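To be precise, the following lines are target-v5.cif, and they hold mmCIF, C-alpha atoms.
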```cif
data_target
#
loop_
_atom_site.label_atom_id
_atom_site.label_comp_id
_atom_site.auth_asym_id
_atom_site.auth_seq_id
_atom_site.Cartn_x
_atom_site.Cartn_y
_atom_site.Cartn_z
CA MET A 1 0.00 0.00 0.00
CA GLU A 2 1.39 3.37 -0.99
CA ALA A 3 2.34 5.86 1.69
CA ILE A 4 0.62 9.25 1.74
CA ASN A 5 3.03 12.16 2.03
CA GLY A 6 5.62 9.61 3.21
CA VAL A 7 3.38 8.29 6.01
CA THR A 8 2.60 4.58 5.74
CA PHE A 9 -0.71 3.01 6.73
CA GLU A 10 1.03 1.39 9.70
CA ASP A 11 2.54 4.68 10.88
CA TRP A 12 -0.80 6.46 10.48
CA GLY A 13 -2.64 3.81 12.53
CA ALA A 14 0.07 3.93 15.21
CA ALA A 15 0.00 7.75 15.25
CA SER A 16 -3.79 7.69 15.76
CA GLY A 17 -3.41 5.18 18.59
CA ASN A 18 -0.73 7.25 20.28
CA ILE A 19 -2.82 10.43 19.97
CA ALA A 20 -5.75 8.61 21.58
CA MET A 21 -3.39 7.81 24.46
CA GLY A 22 -2.58 11.47 24.91
CA MET A 23 0.51 11.98 22.74
CA SER A 24 0.61 15.54 21.41
CA THR A 25 0.40 16.19 17.68
CA GLU A 26 3.74 18.01 17.97
CA GLU A 27 5.39 14.79 19.16
CA VAL A 28 3.64 12.79 16.44
CA CYS A 29 4.97 15.22 13.83
CA GLU A 30 8.47 14.94 15.28
CA ILE A 31 8.42 11.14 15.16
CA LEU A 32 7.05 11.11 11.61
CA GLY A 33 9.47 13.85 10.55
CA ILE A 34 6.76 16.10 9.10
CA GLU A 35 5.27 19.48 9.94
CA LEU A 36 1.77 20.12 11.33
CA PRO A 37 0.08 21.14 8.04
CA VAL A 38 1.41 17.98 6.37
CA TRP A 39 0.31 15.78 9.29
CA GLN A 40 -3.21 17.23 9.32
CA LYS A 41 -3.58 16.83 5.56
CA THR A 42 -2.14 13.31 5.71
CA ASN A 43 -4.51 12.40 8.54
CA GLU A 44 -7.50 13.58 6.47
CA GLU A 45 -6.29 11.75 3.39
CA TRP A 46 -5.70 8.47 5.22
CA GLY A 47 -9.16 8.80 6.82
CA GLY A 48 -10.72 9.05 3.36
CA LYS A 49 -8.51 6.28 1.98
CA LEU A 50 -9.47 3.92 4.80
CA GLY A 51 -13.14 4.39 3.82
CA ASP A 52 -12.26 3.55 0.20
CA LEU A 53 -10.35 0.45 1.26
CA MET A 54 -13.12 -0.73 3.59
CA ALA A 55 -15.64 -0.60 0.73
CA GLN A 56 -13.39 -3.12 -1.06
CA ASP A 57 -12.46 -5.28 1.90
CA MET A 58 -13.72 -4.83 5.45
CA SER A 59 -10.78 -6.74 6.93
CA ILE A 60 -8.64 -3.61 6.48
CA ALA A 61 -10.50 -2.16 9.48
CA THR A 62 -9.09 -4.99 11.60
CA THR A 63 -5.59 -4.21 10.35
CA TYR A 64 -6.08 -0.56 11.27
CA GLY A 65 -7.51 -1.58 14.65
CA GLY A 66 -4.39 -3.67 15.26
CA TYR A 67 -2.09 -0.68 14.72
CA PHE A 68 -4.38 1.55 16.77
CA THR A 69 -4.55 -0.77 19.75
CA ASN A 70 -0.88 -1.81 19.60
CA PRO A 71 0.69 1.47 18.49
CA LYS A 72 4.32 0.58 19.15
CA VAL A 73 4.97 -0.26 15.53
CA GLY A 74 6.67 1.37 12.55
CA LYS A 75 8.25 4.70 13.42
CA PHE A 76 6.57 4.51 16.82
CA ALA A 77 8.21 1.18 17.72
CA GLY A 78 10.87 2.69 19.92
CA VAL A 79 8.79 5.48 21.37
CA ASN A 80 8.89 5.66 25.11
CA SER A 81 5.12 5.89 25.59
CA ALA A 82 3.30 4.08 28.33
CA VAL A 83 1.15 1.71 26.30
CA PRO A 84 -0.36 -0.63 28.88
CA SER A 85 -0.31 -4.31 28.06
CA LEU A 86 -3.62 -6.02 27.38
CA ALA A 87 -2.93 -8.27 30.37
CA SER A 88 -2.72 -5.29 32.71
CA LEU A 89 -5.96 -3.82 31.28
CA LEU A 90 -7.75 -7.13 31.70
CA GLU A 91 -6.88 -7.10 35.38
CA LYS A 92 -9.32 -4.17 35.62
CA VAL A 93 -11.88 -5.71 33.25
CA PRO A 94 -11.47 -9.42 33.94
CA ASP A 95 -14.57 -10.81 32.24
CA PHE A 96 -17.41 -10.09 29.81
CA ASP A 97 -19.65 -9.03 32.68
CA ALA A 98 -17.22 -6.30 33.76
CA TYR A 99 -16.82 -5.26 30.11
CA GLN A 100 -20.58 -4.97 29.60
CA LYS A 101 -20.93 -2.86 32.72
CA ILE A 102 -18.63 -0.19 31.25
CA PHE A 103 -19.89 -0.61 27.69
CA ASN A 104 -23.50 -0.02 28.75
CA HIS A 105 -22.49 2.84 31.03
CA GLN A 106 -20.94 4.61 28.03
CA SER A 107 -23.92 3.89 25.85
CA ALA A 108 -26.48 5.09 28.43
CA ALA A 109 -24.40 8.18 29.18
CA SER A 110 -24.36 9.06 25.50
CA GLU A 111 -28.11 8.47 25.16
CA HIS A 112 -28.76 10.81 28.06
CA GLY A 113 -26.68 13.65 26.73
CA HIS A 114 -23.50 12.99 28.74
CA ASP A 115 -19.99 12.74 27.39
CA PRO A 116 -19.24 9.02 26.79
CA VAL A 117 -15.49 9.66 27.03
CA ALA A 118 -15.96 11.14 30.51
CA ALA A 119 -17.85 7.97 31.49
CA LEU A 120 -14.85 5.95 30.34
CA GLU A 121 -12.47 8.12 32.32
CA GLN A 122 -14.34 7.23 35.49
CA TYR A 123 -12.89 3.74 35.06
CA GLY A 124 -9.42 5.14 34.40
CA PHE A 125 -9.31 4.36 30.68
CA ASN A 126 -8.51 6.49 27.67
CA LEU A 127 -9.85 5.75 24.18
CA GLN A 128 -6.84 3.73 23.12
CA GLU A 129 -6.99 1.51 26.20
CA TRP A 130 -10.74 1.03 25.81
CA SER A 131 -10.20 0.10 22.15
CA GLN A 132 -7.76 -2.61 23.24
CA ILE A 133 -10.30 -3.97 25.74
CA SER A 134 -13.19 -3.75 23.24
CA MET A 135 -11.21 -5.54 20.57
CA HIS A 136 -10.34 -8.31 23.04
CA TYR A 137 -13.97 -8.88 24.08
CA SER A 138 -15.23 -8.63 20.52
CA THR A 139 -12.88 -11.46 19.52
CA TRP A 140 -13.67 -13.37 22.71
CA SER A 141 -17.45 -13.22 22.21
CA ASN A 142 -17.17 -14.21 18.53
CA GLU A 143 -15.23 -17.31 19.56
CA TYR A 144 -17.39 -18.06 22.59
CA LEU A 145 -20.57 -17.77 20.55
CA ASN A 146 -19.63 -20.24 17.86
CA PRO A 147 -22.98 -21.02 16.16
CA ASN A 148 -21.75 -24.50 15.28
CA GLY A 149 -20.79 -25.32 18.84
CA ALA A 150 -22.86 -27.72 20.94
CA GLU A 151 -23.28 -25.12 23.70
CA TYR A 152 -24.32 -22.29 21.42
CA GLU A 153 -27.88 -21.83 22.68
CA GLN A 154 -26.96 -21.94 26.35
CA ARG A 155 -24.07 -19.51 25.77
CA PHE A 156 -26.26 -17.20 23.73
CA ARG A 157 -28.74 -16.99 26.61
CA GLU A 158 -25.90 -16.42 29.09
CA ILE A 159 -24.39 -13.56 27.03
CA SER A 160 -27.79 -12.01 26.31
CA ALA A 161 -28.62 -12.06 30.04
CA ILE A 162 -25.40 -10.21 30.90
CA MET A 163 -26.07 -7.59 28.22
CA ASP A 164 -29.68 -7.11 29.34
CA LYS A 165 -28.67 -6.92 33.00
CA TRP A 166 -26.27 -4.01 32.46
CA SER A 167 -28.50 -2.29 29.92
CA GLN A 168 -31.33 -2.28 32.49
CA TYR A 169 -28.97 -1.28 35.30
CA TRP A 170 -27.80 1.87 33.54
CA LYS A 171 -31.25 2.66 32.20
CA GLU A 172 -32.44 2.68 35.82
CA ASN A 173 -29.38 4.65 36.91
CA PHE A 174 -30.00 7.44 34.42
CA LYS A 175 -33.76 7.40 34.98
CA GLU A 176 -33.76 10.74 36.74
CA ASP A 177 -32.03 12.36 33.78
CA ALA A 178 -34.85 11.31 31.46
CA VAL A 179 -38.15 13.10 30.96
CA ASP A 180 -41.15 10.90 30.21
CA LEU A 181 -42.59 12.84 27.30
CA GLY A 182 -45.71 10.72 27.18
CA GLY A 183 -46.14 10.19 30.93
CA ASP A 184 -49.55 11.86 30.96
CA ILE A 185 -50.83 10.13 27.83
CA ASP A 186 -52.62 6.86 28.33
CA PHE A 187 -55.17 4.70 26.54
CA MET B 1 -67.36 -3.26 28.96
CA ALA B 2 -66.55 -0.69 26.25
CA SER B 3 -67.98 -1.20 22.76
CA LYS B 4 -65.88 -1.72 19.65
CA GLU B 5 -66.54 1.86 18.51
CA GLU B 6 -65.58 3.28 21.90
CA LEU B 7 -62.34 1.31 21.95
CA ILE B 8 -61.42 2.46 18.44
CA GLN B 9 -62.21 6.04 19.36
CA ARG B 10 -60.02 5.89 22.48
CA TRP B 11 -57.24 4.24 20.51
CA ASP B 12 -57.38 6.89 17.77
CA SER B 13 -57.36 9.59 20.41
CA PHE B 14 -54.31 8.03 22.11
CA LEU B 15 -52.43 7.87 18.80
CA GLN B 16 -53.34 11.45 17.98
CA LYS B 17 -52.07 12.65 21.36
CA ILE B 18 -48.77 10.83 20.86
CA GLU B 19 -48.32 12.46 17.45
CA VAL B 20 -49.13 15.91 18.81
CA ARG B 21 -46.67 15.43 21.70
CA PHE B 22 -44.05 14.18 19.25
CA ASN B 23 -44.36 17.32 17.13
CA GLU B 24 -44.37 19.60 20.16
CA SER B 25 -41.30 17.88 21.59
CA LEU B 26 -39.33 18.28 18.37
CA GLY B 27 -40.31 21.92 18.23
CA HIS B 28 -39.00 22.46 21.76
CA ALA B 29 -35.86 20.44 21.03
CA GLU B 30 -35.09 22.49 17.94
CA GLU B 31 -35.47 25.74 19.83
CA ALA B 32 -33.40 24.47 22.78
CA CYS B 33 -30.55 23.27 20.54
CA HIS B 34 -30.30 26.59 18.69
CA GLU B 35 -30.35 28.49 21.96
CA GLN B 36 -27.76 26.24 23.55
CA LEU B 37 -25.40 26.63 20.59
CA VAL B 38 -25.30 30.38 21.15
CA ALA B 39 -25.31 30.13 24.96
CA THR B 40 -22.30 27.77 24.97
CA THR B 41 -20.37 30.04 22.58
CA TYR B 42 -20.84 27.53 19.78
CA GLU B 43 -19.84 24.30 21.53
CA TYR B 44 -21.30 22.13 18.80
CA ASP B 45 -20.48 18.78 20.46
CA THR B 46 -22.18 19.82 23.70
CA VAL B 47 -25.34 20.66 21.77
CA MET B 48 -25.21 17.37 19.90
CA ARG B 49 -24.92 15.49 23.20
CA SER B 50 -28.02 17.33 24.44
CA TRP B 51 -29.84 16.43 21.23
CA SER B 52 -28.82 12.82 21.76
CA GLY B 53 -30.52 12.88 25.15
CA MET B 54 -33.65 14.51 23.73
CA LYS B 55 -33.76 12.02 20.87
CA ALA B 56 -33.59 9.09 23.30
CA GLN B 57 -36.65 10.50 25.07
CA VAL B 58 -38.49 10.92 21.77
CA HIS B 59 -37.70 7.27 21.01
CA VAL B 60 -39.26 6.27 24.33
CA LEU B 61 -42.38 8.21 23.32
CA ILE B 62 -42.55 6.33 20.01
CA GLU B 63 -42.00 2.99 21.77
CA LYS B 64 -44.98 3.77 23.98
CA ILE B 65 -47.28 3.22 20.98
CA ASP B 66 -46.30 -0.44 20.75
CA GLU B 67 -46.19 -0.94 24.52
CA VAL B 68 -49.72 0.36 24.97
CA TRP B 69 -50.98 -1.58 21.96
CA VAL B 70 -49.53 -4.88 23.17
CA GLY B 71 -50.19 -4.36 26.86
CA LYS B 72 -53.64 -2.76 26.85
CA VAL B 73 -55.38 -2.15 23.55
CA ALA B 74 -54.95 -5.45 21.72
CA PRO B 75 -56.16 -7.61 24.64
CA GLU B 76 -59.31 -5.49 25.00
CA MET B 77 -60.05 -5.46 21.27
CA GLU B 78 -59.43 -9.16 20.76
CA VAL B 79 -62.25 -9.93 23.17
CA LEU B 80 -64.69 -8.00 20.96
CA GLY B 81 -63.95 -9.48 17.53
CA ASP B 82 -61.44 -9.84 14.76
CA PHE B 83 -60.84 -6.16 13.99
CA ALA B 84 -57.70 -5.90 16.13
CA GLN B 85 -55.26 -6.50 13.27
CA ASP B 86 -56.44 -3.43 11.33
CA GLU B 87 -56.19 -1.33 14.47
CA GLY B 88 -52.72 -2.77 15.16
CA ASN B 89 -51.62 -1.57 11.74
CA LYS B 90 -52.32 1.96 12.92
CA ALA B 91 -49.67 1.48 15.63
CA TYR B 92 -47.17 0.17 13.08
CA ASP B 93 -47.93 2.96 10.60
CA LEU B 94 -47.65 5.77 13.13
CA SER B 95 -44.43 4.41 14.68
CA HIS B 96 -42.81 4.22 11.25
CA LYS B 97 -44.08 7.62 10.21
CA LEU B 98 -42.62 9.19 13.36
CA LEU B 99 -39.30 7.35 13.03
CA TYR B 100 -38.89 8.53 9.43
CA PHE B 101 -39.84 12.04 10.44
CA LEU B 102 -37.32 11.94 13.28
CA GLU B 103 -34.57 10.95 10.84
CA ASP B 104 -35.46 13.85 8.53
CA PHE B 105 -35.68 16.20 11.48
CA GLN B 106 -32.20 15.24 12.69
CA ARG B 107 -30.72 15.73 9.22
CA LYS B 108 -32.27 19.20 9.07
CA LEU B 109 -31.30 20.09 12.64
CA GLU B 110 -27.68 19.02 12.16
CA GLY B 111 -27.52 20.96 8.91
CA GLU B 112 -28.96 24.14 10.38
CA LEU B 113 -26.82 24.00 13.52
CA SER B 114 -23.77 23.29 11.39
CA GLN B 115 -24.51 26.27 9.17
CA LYS B 116 -24.83 28.43 12.28
CA PHE B 117 -21.55 27.04 13.65
CA TYR B 118 -19.86 27.60 10.28
CA ASP B 119 -21.01 31.22 10.10
CA HIS B 120 -19.56 31.80 13.56
CA ALA B 121 -16.31 29.82 13.26
CA ILE B 122 -15.41 31.15 9.80
CA GLN B 123 -14.94 34.55 11.46
CA VAL B 124 -11.70 33.16 12.90
CA ALA B 125 -10.29 33.38 9.39
CA ASN B 126 -11.01 37.10 9.42
CA LYS B 127 -8.67 37.60 12.37
CA LYS B 128 -5.31 38.87 11.31
CA ALA B 129 -2.32 36.57 11.16
CA SER B 130 1.11 38.11 10.73
CA CYS B 131 4.24 37.12 8.87
CA SER B 132 6.87 35.80 11.30
CA GLN B 133 9.60 37.62 9.35
CA CYS B 134 8.21 41.06 8.41
CA ASN B 135 4.97 41.23 10.41
CA ALA B 136 2.88 41.88 7.30
CA ASP B 137 -0.74 40.72 7.36
CA LEU B 138 -1.40 37.20 6.11
CA GLU B 139 -4.70 35.95 4.78
CA ILE B 140 -5.89 32.58 6.11
CA LYS B 141 -7.56 30.46 3.44
CA LYS B 142 -11.24 30.12 4.33
CA ASP B 143 -11.80 26.82 2.59
CA ILE B 144 -9.02 24.71 4.15
CA PHE B 145 -9.70 23.62 7.72
CA ARG B 146 -6.28 22.64 9.00
CA ALA B 147 -2.88 24.18 9.62
CA GLN B 148 -1.77 26.08 6.51
CA TYR B 149 1.40 27.19 4.81
CA ILE B 150 0.95 30.81 3.80
CA SER B 151 3.55 32.71 1.81
CA CYS B 152 4.03 36.35 2.69
CA THR B 153 3.34 38.50 -0.37
CA PHE B 154 5.92 41.04 0.80
CA CYS B 155 8.97 39.02 1.86
CA ASN B 156 8.06 35.56 0.48
CA THR B 157 8.59 33.88 3.84
CA VAL B 158 6.54 30.70 4.11
CA ASN B 159 4.61 30.85 7.38
CA THR B 160 2.94 27.96 9.17
CA ILE B 161 -0.40 29.10 10.54
CA ALA B 162 -2.36 26.84 12.89
CA PRO B 163 -5.89 28.27 13.16
CA GLU B 164 -8.02 27.91 16.29
CA THR B 165 -9.66 24.56 16.97
CA LYS B 166 -13.11 25.96 16.22
CA PHE B 167 -12.05 26.89 12.70
CA ILE B 168 -10.44 23.49 12.15
CA LYS B 169 -13.59 21.81 13.43
CA ILE B 170 -15.48 23.06 10.37
CA GLY B 171 -13.66 20.33 8.49
CA TRP B 172 -14.73 17.66 10.99
CA GLY B 173 -18.32 16.97 9.99
CA ILE B 174 -19.69 20.52 9.89
CA VAL B 175 -19.17 20.78 6.14
CA ASP B 176 -20.74 17.33 5.72
CA HIS B 177 -23.93 18.31 7.56
CA ILE B 178 -24.27 21.53 5.55
CA ALA B 179 -23.82 19.58 2.31
CA ALA B 180 -26.39 17.04 3.52
CA LEU B 181 -28.93 19.79 4.21
CA LYS B 182 -28.37 21.44 0.85
CA THR B 183 -28.94 18.17 -0.99
CA THR B 184 -32.09 17.12 0.86
CA PRO B 185 -34.30 16.85 -2.28
CA GLN B 186 -31.79 14.53 -3.97
CA TYR B 187 -31.46 12.54 -0.74
CA LYS B 188 -35.22 12.06 -0.51
CA ALA B 189 -35.38 10.88 -4.11
CA MET B 190 -32.61 8.39 -3.36
CA THR B 191 -34.20 7.02 -0.19
CA ALA B 192 -37.60 6.71 -1.91
CA ALA B 193 -36.03 4.62 -4.67
CA GLU B 194 -34.24 2.49 -2.07
CA GLU B 195 -37.48 1.95 -0.14
CA ALA B 196 -39.17 0.82 -3.35
CA ILE B 197 -36.47 -1.82 -3.81
CA ARG B 198 -36.59 -2.99 -0.19
CA ALA B 199 -40.37 -3.43 -0.46
CA TYR B 200 -39.74 -6.22 -2.99
CA ARG B 201 -37.52 -8.10 -0.52
CA GLY B 202 -34.82 -9.05 -2.98
CA LYS B 203 -37.15 -9.51 -5.94
CA ALA B 204 -37.23 -5.95 -7.28
CA PRO B 205 -37.31 -5.70 -11.11
CA GLU B 206 -34.01 -4.64 -12.72
CA SER B 207 -35.60 -1.36 -13.82
CA PHE B 208 -35.93 -0.43 -10.13
CA TRP B 209 -32.20 -0.92 -9.71
CA THR B 210 -31.51 1.20 -12.80
CA ASP B 211 -33.73 3.97 -11.42
CA TYR B 212 -32.15 3.70 -7.99
CA TYR B 213 -28.60 3.86 -9.36
CA LYS B 214 -29.49 7.01 -11.27
CA VAL B 215 -30.80 8.90 -8.22
CA TYR B 216 -28.07 7.38 -6.03
CA ASN B 217 -25.40 8.83 -8.33
CA THR B 218 -27.22 12.15 -8.56
CA TYR B 219 -27.37 12.45 -4.80
CA TRP B 220 -23.77 11.50 -4.03
CA SER B 221 -22.42 13.65 -6.83
CA ALA B 222 -24.40 16.65 -5.54
CA TYR B 223 -23.37 15.94 -1.94
CA PHE B 224 -19.64 15.66 -2.69
CA THR B 225 -19.81 18.74 -4.93
CA GLU B 226 -21.40 20.76 -2.12
CA ARG B 227 -18.74 19.53 0.32
CA MET B 228 -15.84 20.50 -1.88
CA ALA B 229 -17.32 23.93 -2.53
CA LEU B 230 -16.75 24.58 1.18
CA ASN B 231 -13.57 22.52 1.69
CA THR B 232 -11.20 22.57 -1.28
CA ASP B 233 -9.07 19.76 0.19
CA LEU B 234 -11.94 17.46 -0.73
CA LYS B 235 -11.73 18.28 -4.46
CA GLU B 236 -8.96 15.79 -5.00
CA ARG B 237 -11.08 13.11 -3.31
CA TYR B 238 -14.14 13.49 -5.58
CA ASP B 239 -13.30 10.62 -7.96
CA SER B 240 -12.33 8.29 -5.09
CA ASP B 241 -15.49 9.19 -3.19
CA MET B 242 -17.68 8.42 -6.21
CA ALA B 243 -15.79 5.17 -6.86
CA ARG B 244 -16.36 4.15 -3.21
CA LYS B 245 -20.06 4.90 -3.51
CA HIS B 246 -20.24 2.85 -6.70
CA LYS B 247 -18.64 -0.08 -4.87
CA GLU B 248 -21.02 0.33 -1.92
CA PHE B 249 -23.95 0.29 -4.35
CA GLU B 250 -22.69 -2.97 -5.85
CA ASN B 251 -22.22 -4.48 -2.37
CA PHE B 252 -25.78 -3.46 -1.41
CA LYS B 253 -27.24 -4.90 -4.63
CA GLU B 254 -25.39 -8.16 -4.11
CA ILE B 255 -26.74 -8.52 -0.57
CA GLN B 256 -30.29 -7.61 -1.63
CA THR B 257 -30.46 -9.91 -4.64
CA LYS B 258 -28.63 -13.02 -3.55
#
```
Turn this file's structure into structure tokens for me.
Amino acid sequence: MEAINGVTFEDWGAASGNIAMGMSTEEVCEILGIELPVWQKTNEEWGGKLGDLMAQDMSIATTYGGYFTNPKVGKFAGVNSAVPSLASLLEKVPDFDAYQKIFNHQSAASEHGHDPVAALEQYGFNLQEWSQISMHYSTWSNEYLNPNGAEYEQRFREISAIMDKWSQYWKENFKEDAVDLGGDIDF
Amino acid sequence: MASKEELIQRWDSFLQKIEVRFNESLGHAEEACHEQLVATTYEYDTVMRSWSGMKAQVHVLIEKIDEVWVGKVAPEMEVLGDFAQDEGNKAYDLSHKLLYFLEDFQRKLEGELSQKFYDHAIQVANKKASCSQCNADLEIKKDIFRAQYISCTFCNTVNTIAPETKFIKIGWGIVDHIAALKTTPQYKAMTAAEEAIRAYRGKAPESFWTDYYKVYNTYWSAYFTERMALNTDLKERYDSDMARKHKEFENFKEIQTK
């Protein structure tokens, strides 16, 4: 795949991941050896290009996700940034239940007009770290819910119950933020 | 026990009240969003988060139609005869009508708020920037929403100007919403043609696909043209954008017809 303004797809994905972890754009420019106007144009162009590539083959999104969640690659390989290991993140989110709690918190917060990133920060995660965790549980649930497996139905019910439990929990939690527009209308 | 006519009358009245409340709520939401945009000194994302909250409440209102139908109305009607299905269709029809309206409303709201944000944020480009070498005035380009290289017309020094975040934000979705609003008629023609195809559940005649492709191309061409009129960086992407849309059309057709 051709680089854009000298920035490869791998470097762009890693740059995006590092920015999500709090790296400044100045530092990103320094590592890539380009100036701010070139970085911002390159970022826009790669964003558009990724959309083009995804229309051809969706698996490119996984490749991008890999660079984003493990951003110590390419020109960023030797960067002294504190990318936490997946193992250390999973100590805080040890199972699908814990993952769903945060996932539904974010979703309910967003639905009720709150900042979903702020909800994430309550658990001590930034976007890059949350992406690592999300990617892990997305892969985990795909494997766990193998439709050809003998335990598929039982597992499907188990996973659905966890999702419903946390969805209801946060719905209840944000209840006071919601206005029942049709509360006075009845049959 | 209520008669069939009484039940139908109460049901119609319930549905009418929901629709009136829906329209009133959107009216209030629109007003509140416009006011909040100004009150927050054009914090577009804050307003969009508020809209998200309001939209969730409107969804709950729409869901009430089905809840009341299933929980109260249908059981009462079924006791009195076999007219319940026709009355149930009213619930389905109104829910869908309101959901479609809500989608159109959001498209319009985002477009109007974006235009308002644009008109405010573009003023940043009117602020003077100065040449780092000779202090002469530099003119920021008003159709590129990122850091810019600007050559000084007096001493030829190439300056790097990083405009304020608000100005840069115009390039992050604001332009897209404005373009979407300006191309609403083409968008409606496209979605109507798509609906006609979906109604056939994979069996639409080829002529429907030909018609759809025509309005699909018309819409996306108009949309990308509007975008690049505001953001010249996007000019060089026009061909790639249209090629992507062509591919997405093919992917959609394949899924619908296989």
Could you write out as a PDB file with C-alpha atoms, in the coordinates of the input the residues of chain B within 8 Å of chain A, counting only C-alpha atoms?
```pdb
ATOM      1  CA  ARG B  10     -60.020   5.890  22.480  1.00  0.00           C
ATOM      2  CA  TRP B  11     -57.240   4.240  20.510  1.00  0.00           C
ATOM      3  CA  PHE B  14     -54.310   8.030  22.110  1.00  0.00           C
ATOM      4  CA  LYS B  17     -52.070  12.650  21.360  1.00  0.00           C
ATOM      5  CA  ILE B  18     -48.770  10.830  20.860  1.00  0.00           C
ATOM      6  CA  ARG B  21     -46.670  15.430  21.700  1.00  0.00           C
ATOM      7  CA  SER B  25     -41.300  17.880  21.590  1.00  0.00           C
ATOM      8  CA  MET B  48     -25.210  17.370  19.900  1.00  0.00           C
ATOM      9  CA  ARG B  49     -24.920  15.490  23.200  1.00  0.00           C
ATOM     10  CA  SER B  50     -28.020  17.330  24.440  1.00  0.00           C
ATOM     11  CA  TRP B  51     -29.840  16.430  21.230  1.00  0.00           C
ATOM     12  CA  SER B  52     -28.820  12.820  21.760  1.00  0.00           C
ATOM     13  CA  GLY B  53     -30.520  12.880  25.150  1.00  0.00           C
ATOM     14  CA  MET B  54     -33.650  14.510  23.730  1.00  0.00           C
ATOM     15  CA  LYS B  55     -33.760  12.020  20.870  1.00  0.00           C
ATOM     16  CA  ALA B  56     -33.590   9.090  23.300  1.00  0.00           C
ATOM     17  CA  GLN B  57     -36.650  10.500  25.070  1.00  0.00           C
ATOM     18  CA  VAL B  58     -38.490  10.920  21.770  1.00  0.00           C
ATOM     19  CA  VAL B  60     -39.260   6.270  24.330  1.00  0.00           C
ATOM     20  CA  LEU B  61     -42.380   8.210  23.320  1.00  0.00           C
ATOM     21  CA  LYS B  64     -44.980   3.770  23.980  1.00  0.00           C
ATOM     22  CA  VAL B  68     -49.720   0.360  24.970  1.00  0.00           C
ATOM     23  CA  LYS B  72     -53.640  -2.760  26.850  1.00  0.00           C
ATOM     24  CA  VAL B  73     -55.380  -2.150  23.550  1.00  0.00           C
ATOM     25  CA  ARG B 146      -6.280  22.640   9.000  1.00  0.00           C
ATOM     26  CA  ALA B 147      -2.880  24.180   9.620  1.00  0.00           C
ATOM     27  CA  GLN B 148      -1.770  26.080   6.510  1.00  0.00           C
ATOM     28  CA  TYR B 149       1.400  27.190   4.810  1.00  0.00           C
ATOM     29  CA  THR B 160       2.940  27.960   9.170  1.00  0.00           C
ATOM     30  CA  ALA B 162      -2.360  26.840  12.890  1.00  0.00           C
ATOM     31  CA  ARG B 237     -11.080  13.110  -3.310  1.00  0.00           C
ATOM     32  CA  SER B 240     -12.330   8.290  -5.090  1.00  0.00           C
ATOM     33  CA  ASP B 241     -15.490   9.190  -3.190  1.00  0.00           C
ATOM     34  CA  ARG B 244     -16.360   4.150  -3.210  1.00  0.00           C
ATOM     35  CA  LYS B 247     -18.640  -0.080  -4.870  1.00  0.00           C
ATOM     36  CA  GLU B 248     -21.020   0.330  -1.920  1.00  0.00           C
TER      37      GLU B 248
END
```
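The smallest atom-to-atom distance between Ala84 of chain B and any of B:Thr157, B:Lys4, B:Lys245, B:Asp239, using all atoms listed in the file, is found for B:Lys4.
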As JSON, numbers by chain, please: the residues near segment 168-184 of chain B (cut-off 6 Å, only C-alpha atoms, same-chain neighbours under 6 positions excluded). {"B": [108, 110, 111, 114, 115, 145, 146, 223, 226, 227]}
Atom CA of Lys72 of chain A to atom CA of Ser131 of chain A, distance in Å rounded to a single decimal: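 Atom-to-atom, atom CA of Lys72 of chain A to atom CA of Ser131 of chain A, that is 14.8 Å.
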Run the PyMOL selection byres ((chain A and resi 85-101) around 10) against the file shown and list the residues it catches, as number ranges by chain. A: 69-70, 82-84, 102-106, 123-125, 129-130, 132-134, 136-138, 140-141, 159, 161-167, 169-170
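One distance worth recording is that between atom CA of Met190 of chain B and atom CA of Val215 of chain B, which is 5.2 Å.
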Got a sec to resolve the PyMOL selection byres ((chain B and resi 123) around 12) on this structure and send the residues as a list in words? Lys116, Phe117, Tyr118, Asp119, His120, Ala121, Ile122, Val124, Ala125, Asn126, Lys127, Lys128, Ile140, Lys141, Lys142, Pro163, Glu164, Lys166, Phe167, Ile168 and Ile170 of chain B
So the first atom is atom CA of Val73 of chain A and the second is atom CA of Gly13 of chain A; what is the distance between them in Å, to one decimal place? 9.1 Å
Which residues fall under the PyMOL selection byres ((chain A and resi 23) around 12) in this file, as a short mmCIF file (atom, residue, chain, number, x, y, z; two decimals) with C-alpha atoms, keeping the file's coordinate frame?
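Writing done, so here's result.cif:
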```cif
data_model
loop_
_atom_site.label_atom_id
_atom_site.label_comp_id
_atom_site.auth_asym_id
_atom_site.auth_seq_id
_atom_site.Cartn_x
_atom_site.Cartn_y
_atom_site.Cartn_z
CA ALA A 14 0.07 3.93 15.21
CA ALA A 15 0.00 7.75 15.25
CA SER A 16 -3.79 7.69 15.76
CA GLY A 17 -3.41 5.18 18.59
CA ASN A 18 -0.73 7.25 20.28
CA ILE A 19 -2.82 10.43 19.97
CA ALA A 20 -5.75 8.61 21.58
CA MET A 21 -3.39 7.81 24.46
CA GLY A 22 -2.58 11.47 24.91
CA SER A 24 0.61 15.54 21.41
CA THR A 25 0.40 16.19 17.68
CA GLU A 26 3.74 18.01 17.97
CA GLU A 27 5.39 14.79 19.16
CA VAL A 28 3.64 12.79 16.44
CA CYS A 29 4.97 15.22 13.83
CA GLU A 30 8.47 14.94 15.28
CA ILE A 31 8.42 11.14 15.16
CA PRO A 71 0.69 1.47 18.49
CA PHE A 76 6.57 4.51 16.82
CA VAL A 79 8.79 5.48 21.37
CA ASN A 80 8.89 5.66 25.11
CA SER A 81 5.12 5.89 25.59
CA ALA A 82 3.30 4.08 28.33
CA VAL A 83 1.15 1.71 26.30
CA ASN A 126 -8.51 6.49 27.67
CA GLN A 128 -6.84 3.73 23.12
#
```
